[in-house]
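So the structure is just underneath, and the comments pick up after that.
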Amino acid sequence: MSGRDVVLGRIRRALRDVPRSEAPDDVPVPRDYARTHLPSGAGAGGALAGLLAENLADYRAVVHRTGEEGLAPLLCRLLAARGSATVLVPPGLPPHWLKAADPVRVHDRAASTARELDSVDSVVTGCAVAIAETGTIVLDGGPGQGRRRITLIPDHHICVVRVPEQVVASVPEALERLDPARPLTWISGPSATSDIELDRVEGVHGPRTLEVVLVEE
């Protein structure tokens, strides 16, 4: 008998005198809580983008803003400034994003080892949604984002966010757009941790540098 069986057996014995509820299992859950603390309506998109940029910067992410025409040149400059010789590319990343970039493309492959991914200089992805109130980028493993590990192992991650299409105000609004069955990665700034003395160390369990490009449509 496994430990799990022992624990469940104890729970069953403890509950054997408790009457079973006749209530159905699919009782609606009230969701009348505040879904956002920000105003909506005309002009809200610009306010959300500004708040997102502010909170991303507060988490020590580097934020850039550009239009669609400026995206490819900007990505080229960011990779050049980093000195990246290789860039990891998800299979569904729009080809024109990196048309001006020089680094060798490394494709997202299931066979890639952690050591191989660690040797890549940069990774460029899109995102599923961005949350303004928390400064959070959410990836769901879509074609333009690739496998979770490609954004957790390389030291430099550039994430492109479309504004206002992919920006929401709050976590509840983000959850409405996300499929819980997909591999979700929630990113609030570059990887960082602190010890008991609050000494901050970056890059322990993810990219040391996160750059977010807000593409205003």
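Letters A, B, ... mark the chains of the structure tokens in the order given; residue numbers begin at 1 per chain; ligand numbers begin at 1, in order shown.
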Could you produce a table of the residues of stretch 86-145 of chain A lying within 7 Å of stretch 68-81 of chain A, with the nearest pair of atoms per residue and their separation in Å rounded to one decimal, using only C-alpha atoms, ordered by chain and increasing residue number, as JSON lines?
{"residue": "A:His96", "atom": "CA", "partner": "A:Ala72", "partner_atom": "CA", "distance": 6.7}
{"residue": "A:Trp97", "atom": "CA", "partner": "A:Ala72", "partner_atom": "CA", "distance": 4.7}
{"residue": "A:Leu98", "atom": "CA", "partner": "A:Ala72", "partner_atom": "CA", "distance": 5.7}
{"residue": "A:Lys99", "atom": "CA", "partner": "A:Ala72", "partner_atom": "CA", "distance": 6.6}
{"residue": "A:Ala100", "atom": "CA", "partner": "A:Cys76", "partner_atom": "CA", "distance": 5.8}
{"residue": "A:Ala101", "atom": "CA", "partner": "A:Cys76", "partner_atom": "CA", "distance": 4.5}
Store the residues of this selection in a file with C-alpha atoms, as a PDB file, in the first residue's frame.
ATOM      1  CA  HIS A  96       9.950  39.980 -41.118  1.00  0.00           C
ATOM      2  CA  TRP A  97      10.676  40.670 -37.433  1.00  0.00           C
ATOM      3  CA  LEU A  98      14.273  39.525 -37.873  1.00  0.00           C
ATOM      4  CA  LYS A  99      14.767  40.290 -41.558  1.00  0.00           C
ATOM      5  CA  ALA A 100      17.394  42.939 -40.760  1.00  0.00           C
ATOM      6  CA  ALA A 101      19.156  40.959 -38.027  1.00  0.00           C
TER       7      ALA A 101
END
Q: Do a neighbour search on stretch 48-59 of chain A at 10 Å with only C-alpha atoms, toss out local chain neighbours closer than 5 positions, and write the hits as a ChimeraX atom specification.
A: /A:38-40,43,64-65,130-137,161-164,166-170,187-192,210-216
Once you have the residues from the selection above, write them out as a CSV table (one decimal), in the first residue's frame, restricted to C-alpha atoms.
chain,number,residue,atom,x,y,z
A,38,LEU,CA,-8.4,51.1,-14.0
A,39,PRO,CA,-10.9,53.1,-16.1
A,40,SER,CA,-12.1,51.8,-19.4
A,43,GLY,CA,-8.1,56.4,-24.6
A,64,HIS,CA,11.2,49.9,-25.9
A,65,ARG,CA,8.3,51.4,-27.8
A,130,ALA,CA,0.4,41.4,-21.1
A,131,ILE,CA,-1.0,42.7,-17.8
A,132,ALA,CA,-0.7,46.4,-17.1
A,133,GLU,CA,-1.5,46.4,-13.4
A,134,THR,CA,1.2,43.9,-12.6
A,135,GLY,CA,3.8,44.4,-15.3
A,136,THR,CA,3.5,40.8,-16.3
A,137,ILE,CA,4.0,39.1,-19.7
A,161,VAL,CA,3.9,42.9,-27.2
A,162,ARG,CA,1.3,44.3,-29.6
A,163,VAL,CA,-0.4,47.4,-28.2
A,164,PRO,CA,-3.3,47.7,-27.5
A,166,GLN,CA,-2.4,42.1,-26.4
A,167,VAL,CA,-2.6,44.4,-23.3
A,168,VAL,CA,-5.2,44.0,-20.6
A,169,ALA,CA,-5.6,45.9,-17.3
A,170,SER,CA,-5.8,43.0,-14.8
A,187,ILE,CA,7.0,36.7,-16.4
A,188,SER,CA,7.4,39.8,-14.3
A,189,GLY,CA,10.8,41.2,-15.1
A,190,PRO,CA,14.1,39.2,-15.5
A,191,SER,CA,14.8,36.2,-13.3
A,192,ALA,CA,15.7,37.3,-9.8
A,210,LEU,CA,14.5,40.9,-20.3
A,211,GLU,CA,13.7,43.4,-23.0
A,212,VAL,CA,10.1,44.1,-23.9
A,213,VAL,CA,9.2,45.8,-27.2
A,214,LEU,CA,5.8,47.5,-27.2
A,215,VAL,CA,4.6,47.7,-30.8
A,216,GLU,CA,1.9,50.3,-31.1
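For A:Asp155, the list of residues within 9 Å, based on only C-alpha atoms and with local chain neighbours fewer than 3 positions off taken out, reads Asp118, Ser119, Val120, Asp121, Ser122, Val123, Thr151, Leu152, Gly203, Gly206, Pro207, Arg208, Thr209 and Leu210 of chain A.
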According to DSSP computed on the backbone, where in stretch 62-165 of chain A is there alpha helix (DSSP H)? Give the residues as a PDB file with N, CA and C atoms, in the first residue's frame.
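part_9.pdb written:
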ATOM      1  N   GLU A  68       4.995  49.479 -36.071  1.00  0.00           N
ATOM      2  CA  GLU A  68       5.213  48.256 -36.851  1.00  0.00           C
ATOM      3  C   GLU A  68       6.404  48.395 -37.778  1.00  0.00           C
ATOM      4  N   GLU A  69       6.548  49.538 -38.427  1.00  0.00           N
ATOM      5  CA  GLU A  69       7.643  49.716 -39.376  1.00  0.00           C
ATOM      6  C   GLU A  69       9.007  49.764 -38.679  1.00  0.00           C
ATOM      7  N   GLY A  70       9.012  50.151 -37.433  1.00  0.00           N
ATOM      8  CA  GLY A  70      10.283  50.265 -36.726  1.00  0.00           C
ATOM      9  C   GLY A  70      10.691  49.010 -35.985  1.00  0.00           C
ATOM     10  N   LEU A  71       9.846  47.960 -36.005  1.00  0.00           N
ATOM     11  CA  LEU A  71      10.133  46.766 -35.216  1.00  0.00           C
ATOM     12  C   LEU A  71      11.388  46.040 -35.696  1.00  0.00           C
ATOM     13  N   ALA A  72      11.478  45.739 -36.984  1.00  0.00           N
ATOM     14  CA  ALA A  72      12.635  44.991 -37.502  1.00  0.00           C
ATOM     15  C   ALA A  72      13.950  45.727 -37.257  1.00  0.00           C
ATOM     16  N   PRO A  73      14.047  47.041 -37.571  1.00  0.00           N
ATOM     17  CA  PRO A  73      15.306  47.751 -37.278  1.00  0.00           C
ATOM     18  C   PRO A  73      15.635  47.771 -35.787  1.00  0.00           C
ATOM     19  N   LEU A  74      14.602  47.900 -34.944  1.00  0.00           N
ATOM     20  CA  LEU A  74      14.846  47.932 -33.502  1.00  0.00           C
ATOM     21  C   LEU A  74      15.398  46.595 -33.006  1.00  0.00           C
ATOM     22  N   LEU A  75      14.789  45.485 -33.438  1.00  0.00           N
ATOM     23  CA  LEU A  75      15.290  44.176 -33.029  1.00  0.00           C
ATOM     24  C   LEU A  75      16.729  43.965 -33.495  1.00  0.00           C
ATOM     25  N   CYS A  76      17.022  44.440 -34.691  1.00  0.00           N
ATOM     26  CA  CYS A  76      18.388  44.350 -35.213  1.00  0.00           C
ATOM     27  C   CYS A  76      19.358  45.103 -34.313  1.00  0.00           C
ATOM     28  N   ARG A  77      18.985  46.312 -33.884  1.00  0.00           N
ATOM     29  CA  ARG A  77      19.857  47.117 -33.024  1.00  0.00           C
ATOM     30  C   ARG A  77      20.034  46.475 -31.642  1.00  0.00           C
ATOM     31  N   LEU A  78      18.954  45.919 -31.092  1.00  0.00           N
ATOM     32  CA  LEU A  78      19.041  45.312 -29.767  1.00  0.00           C
ATOM     33  C   LEU A  78      19.962  44.094 -29.774  1.00  0.00           C
ATOM     34  N   LEU A  79      19.855  43.274 -30.803  1.00  0.00           N
ATOM     35  CA  LEU A  79      20.720  42.096 -30.897  1.00  0.00           C
ATOM     36  C   LEU A  79      22.170  42.500 -31.132  1.00  0.00           C
ATOM     37  N   ALA A  80      22.374  43.541 -31.941  1.00  0.00           N
ATOM     38  CA  ALA A  80      23.736  44.015 -32.196  1.00  0.00           C
ATOM     39  C   ALA A  80      24.348  44.602 -30.932  1.00  0.00           C
ATOM     40  N   ALA A  81      23.552  45.362 -30.181  1.00  0.00           N
ATOM     41  CA  ALA A  81      24.051  45.970 -28.951  1.00  0.00           C
ATOM     42  C   ALA A  81      24.428  44.910 -27.921  1.00  0.00           C
ATOM     43  N   ARG A  82      23.717  43.795 -27.963  1.00  0.00           N
ATOM     44  CA  ARG A  82      23.991  42.686 -27.056  1.00  0.00           C
ATOM     45  C   ARG A  82      25.221  41.881 -27.507  1.00  0.00           C
ATOM     46  N   ALA A 114      19.573  21.238 -22.680  1.00  0.00           N
ATOM     47  CA  ALA A 114      19.711  22.444 -21.861  1.00  0.00           C
ATOM     48  C   ALA A 114      21.052  23.121 -22.114  1.00  0.00           C
ATOM     49  N   ARG A 115      22.096  22.339 -22.323  1.00  0.00           N
ATOM     50  CA  ARG A 115      23.417  22.909 -22.599  1.00  0.00           C
ATOM     51  C   ARG A 115      23.413  23.679 -23.919  1.00  0.00           C
ATOM     52  N   GLU A 116      22.745  23.119 -24.931  1.00  0.00           N
ATOM     53  CA  GLU A 116      22.661  23.794 -26.232  1.00  0.00           C
ATOM     54  C   GLU A 116      21.878  25.092 -26.121  1.00  0.00           C
ATOM     55  N   LEU A 117      20.788  25.074 -25.383  1.00  0.00           N
ATOM     56  CA  LEU A 117      19.989  26.281 -25.213  1.00  0.00           C
ATOM     57  C   LEU A 117      20.749  27.336 -24.411  1.00  0.00           C
ATOM     58  N   ASP A 118      21.539  26.893 -23.454  1.00  0.00           N
ATOM     59  CA  ASP A 118      22.305  27.826 -22.635  1.00  0.00           C
ATOM     60  C   ASP A 118      23.392  28.534 -23.440  1.00  0.00           C
TER      61      ASP A 118
END
